[in-house]
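Structure data (compact mmCIF, N, CA and C atoms) from final.txt:
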# COMPACT_ATOMS: atom_id res chain seq x y z
N MET T 1 -65.13 11.53 -81.46
CA MET T 1 -63.87 11.58 -80.73
C MET T 1 -63.94 12.57 -79.57
N ASN T 2 -64.75 13.62 -79.71
CA ASN T 2 -64.85 14.59 -78.63
C ASN T 2 -65.48 13.99 -77.38
N VAL T 3 -66.38 13.02 -77.57
CA VAL T 3 -67.02 12.36 -76.43
C VAL T 3 -65.98 11.56 -75.65
N LEU T 4 -65.08 10.92 -76.36
CA LEU T 4 -64.03 10.14 -75.70
C LEU T 4 -63.11 11.07 -74.89
N ALA T 5 -62.74 12.20 -75.45
CA ALA T 5 -61.87 13.14 -74.74
C ALA T 5 -62.60 13.71 -73.51
N LEU T 6 -63.87 14.00 -73.64
CA LEU T 6 -64.65 14.51 -72.52
C LEU T 6 -64.77 13.45 -71.43
N THR T 7 -64.98 12.21 -71.81
CA THR T 7 -65.08 11.11 -70.84
C THR T 7 -63.77 10.94 -70.09
N ILE T 8 -62.66 11.01 -70.78
CA ILE T 8 -61.35 10.88 -70.14
C ILE T 8 -61.10 12.07 -69.21
N LEU T 9 -61.49 13.26 -69.62
CA LEU T 9 -61.31 14.44 -68.79
C LEU T 9 -62.13 14.33 -67.50
N VAL T 10 -63.39 13.96 -67.61
CA VAL T 10 -64.24 13.82 -66.43
C VAL T 10 -63.73 12.70 -65.52
N SER T 11 -63.32 11.61 -66.10
CA SER T 11 -62.78 10.49 -65.31
C SER T 11 -61.51 10.90 -64.58
N SER T 12 -60.66 11.65 -65.23
CA SER T 12 -59.42 12.12 -64.60
C SER T 12 -59.72 13.07 -63.45
N CYS T 13 -60.71 13.95 -63.64
CA CYS T 13 -61.09 14.87 -62.56
C CYS T 13 -61.65 14.12 -61.36
N LEU T 14 -62.49 13.14 -61.61
CA LEU T 14 -63.05 12.34 -60.53
C LEU T 14 -61.97 11.53 -59.81
N ALA T 15 -61.05 10.96 -60.57
CA ALA T 15 -59.96 10.19 -59.96
C ALA T 15 -59.06 11.11 -59.13
N GLY T 16 -58.78 12.30 -59.64
CA GLY T 16 -57.96 13.25 -58.89
C GLY T 16 -58.64 13.68 -57.60
N THR T 17 -59.95 13.92 -57.66
CA THR T 17 -60.70 14.28 -56.46
C THR T 17 -60.65 13.15 -55.44
N PHE T 18 -60.83 11.93 -55.90
CA PHE T 18 -60.76 10.78 -55.00
C PHE T 18 -59.39 10.68 -54.35
N ILE T 19 -58.33 10.84 -55.12
CA ILE T 19 -56.97 10.72 -54.58
C ILE T 19 -56.70 11.80 -53.55
N VAL T 20 -57.14 13.02 -53.82
CA VAL T 20 -56.93 14.12 -52.87
C VAL T 20 -57.71 13.86 -51.58
N CYS T 21 -58.97 13.46 -51.70
CA CYS T 21 -59.77 13.19 -50.50
C CYS T 21 -59.20 12.02 -49.71
N PHE T 22 -58.75 11.00 -50.41
CA PHE T 22 -58.15 9.85 -49.73
C PHE T 22 -56.88 10.25 -48.99
N ALA T 23 -56.04 11.06 -49.60
CA ALA T 23 -54.80 11.50 -48.96
C ALA T 23 -55.10 12.35 -47.72
N VAL T 24 -56.09 13.23 -47.82
CA VAL T 24 -56.47 14.05 -46.67
C VAL T 24 -56.97 13.17 -45.54
N GLU T 25 -57.78 12.15 -45.84
CA GLU T 25 -58.31 11.25 -44.83
C GLU T 25 -57.19 10.45 -44.17
N VAL T 26 -56.21 10.02 -44.95
CA VAL T 26 -55.09 9.25 -44.39
C VAL T 26 -54.27 10.13 -43.45
N LEU T 27 -54.01 11.36 -43.87
CA LEU T 27 -53.25 12.26 -43.00
C LEU T 27 -54.04 12.62 -41.75
N ARG T 28 -55.35 12.75 -41.87
CA ARG T 28 -56.18 13.08 -40.73
C ARG T 28 -56.29 11.89 -39.77
N SER T 29 -56.27 10.68 -40.27
CA SER T 29 -56.43 9.50 -39.43
C SER T 29 -55.21 9.25 -38.56
N ARG T 30 -54.08 9.87 -38.86
CA ARG T 30 -52.91 9.71 -38.00
C ARG T 30 -53.13 10.36 -36.64
N ARG T 31 -53.97 11.39 -36.60
CA ARG T 31 -54.25 12.09 -35.34
C ARG T 31 -55.35 11.41 -34.55
N GLY T 32 -56.13 10.56 -35.15
CA GLY T 32 -57.23 9.91 -34.48
C GLY T 32 -57.39 8.49 -34.97
N SER T 33 -58.50 7.88 -34.62
CA SER T 33 -58.78 6.53 -35.07
C SER T 33 -60.27 6.42 -35.37
N PRO T 34 -60.67 5.44 -36.14
CA PRO T 34 -62.10 5.29 -36.42
C PRO T 34 -62.92 5.07 -35.16
N GLU T 35 -62.35 4.37 -34.18
CA GLU T 35 -63.06 4.15 -32.93
C GLU T 35 -63.30 5.47 -32.20
N ARG T 36 -62.30 6.32 -32.18
CA ARG T 36 -62.44 7.61 -31.50
C ARG T 36 -63.42 8.50 -32.26
N ASP T 37 -63.33 8.49 -33.58
CA ASP T 37 -64.23 9.31 -34.39
C ASP T 37 -65.68 8.88 -34.23
N SER T 38 -65.92 7.58 -34.06
CA SER T 38 -67.29 7.12 -33.91
C SER T 38 -67.88 7.52 -32.57
N LEU T 39 -67.04 7.79 -31.58
CA LEU T 39 -67.54 8.18 -30.26
C LEU T 39 -67.60 9.69 -30.07
N LEU T 40 -67.17 10.47 -31.04
CA LEU T 40 -67.18 11.92 -30.90
C LEU T 40 -68.57 12.51 -30.66
N PRO T 41 -69.65 12.00 -31.27
CA PRO T 41 -70.96 12.58 -30.94
C PRO T 41 -71.32 12.44 -29.47
N LEU T 42 -70.79 11.45 -28.79
CA LEU T 42 -71.08 11.27 -27.37
C LEU T 42 -70.23 12.16 -26.48
N ASP T 43 -69.22 12.79 -27.05
CA ASP T 43 -68.30 13.61 -26.28
C ASP T 43 -68.97 14.86 -25.71
N SER T 44 -70.00 15.37 -26.37
CA SER T 44 -70.62 16.60 -25.92
C SER T 44 -71.71 16.37 -24.88
N LEU T 45 -72.04 15.12 -24.59
CA LEU T 45 -73.06 14.84 -23.58
C LEU T 45 -72.50 15.07 -22.18
N PRO T 46 -73.29 15.66 -21.27
CA PRO T 46 -72.81 15.87 -19.91
C PRO T 46 -72.68 14.55 -19.17
N ASP T 47 -71.73 14.48 -18.29
CA ASP T 47 -71.48 13.27 -17.51
C ASP T 47 -72.30 13.34 -16.22
N HIS T 48 -73.27 12.43 -16.07
CA HIS T 48 -74.12 12.41 -14.89
C HIS T 48 -73.72 11.31 -13.92
N GLY T 49 -72.62 10.69 -14.11
CA GLY T 49 -72.24 9.58 -13.25
C GLY T 49 -72.84 8.29 -13.76
N SER T 50 -72.73 7.24 -12.95
CA SER T 50 -73.20 5.94 -13.41
C SER T 50 -74.70 5.76 -13.21
N ASN T 51 -75.28 6.42 -12.19
CA ASN T 51 -76.70 6.28 -11.92
C ASN T 51 -77.42 7.60 -12.11
N PRO T 52 -78.61 7.58 -12.70
CA PRO T 52 -79.36 8.82 -12.81
C PRO T 52 -79.87 9.25 -11.44
N PRO T 53 -80.12 10.53 -11.23
CA PRO T 53 -80.62 10.96 -9.93
C PRO T 53 -82.00 10.36 -9.66
N SER T 54 -82.20 9.95 -8.41
CA SER T 54 -83.48 9.34 -8.06
C SER T 54 -84.51 10.43 -7.82
N THR T 55 -85.76 10.09 -8.03
CA THR T 55 -86.84 11.04 -7.83
C THR T 55 -87.63 10.64 -6.58
N ILE T 56 -87.09 10.97 -5.44
CA ILE T 56 -87.75 10.67 -4.17
C ILE T 56 -88.59 11.88 -3.80
N PRO T 57 -89.90 11.67 -3.54
CA PRO T 57 -90.72 12.82 -3.16
C PRO T 57 -90.29 13.37 -1.81
N THR T 58 -90.31 14.69 -1.68
CA THR T 58 -89.88 15.32 -0.43
C THR T 58 -91.01 15.40 0.58
N SER T 59 -92.24 15.28 0.15
CA SER T 59 -93.39 15.31 1.07
C SER T 59 -94.24 14.07 0.81
N PRO T 60 -94.97 13.63 1.83
CA PRO T 60 -95.81 12.43 1.62
C PRO T 60 -96.96 12.75 0.67
N PRO T 61 -97.45 11.77 -0.05
CA PRO T 61 -98.56 12.02 -0.97
C PRO T 61 -99.81 12.45 -0.22
N ARG T 62 -100.59 13.29 -0.85
CA ARG T 62 -101.82 13.77 -0.23
C ARG T 62 -102.94 12.74 -0.43
N PRO T 63 -103.80 12.58 0.59
CA PRO T 63 -104.89 11.59 0.46
C PRO T 63 -106.00 12.05 -0.44

In structure tokens, how does this file's structure come out?
Amino acid sequence: MNVLALTILVSSCLAGTFIVCFAVEVLRSRRGSPERDSLLPLDSLPDHGSNPPSTIPTSPPRP
């Protein structure tokens, strides 16, 4: 019988943890969206414009 009580206790703890994490995620998602969250790693990249700088040599090549 002690195994059954322990199983119920562990299951209740896991279910409670899931409910708390789910509630926090729902409250957090009101401020953002999954689309915005998926693009956050790109937010820290510097903006170089649409074209990368060209590499034009300033002097003619040597023979």

ask   = What does the distance between CA of Ser33 (chain T) and atom C of Cys13 (chain T) come to in Å, to one decimal place?
value =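 If I compute the distance from CA of Ser33 (chain T) to atom C of Cys13 (chain T), I get 27.5 Å.
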
inquiry  = Please report the interatomic distance between atom C of Glu35 (chain T) and CA of Thr17 (chain T) in Å with one decimal.
reply    = 25.9 Å

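The two atoms in question, atom C of Phe22 (chain T) and atom N of Ile8 (chain T), are spaced 22.6 Å apart.
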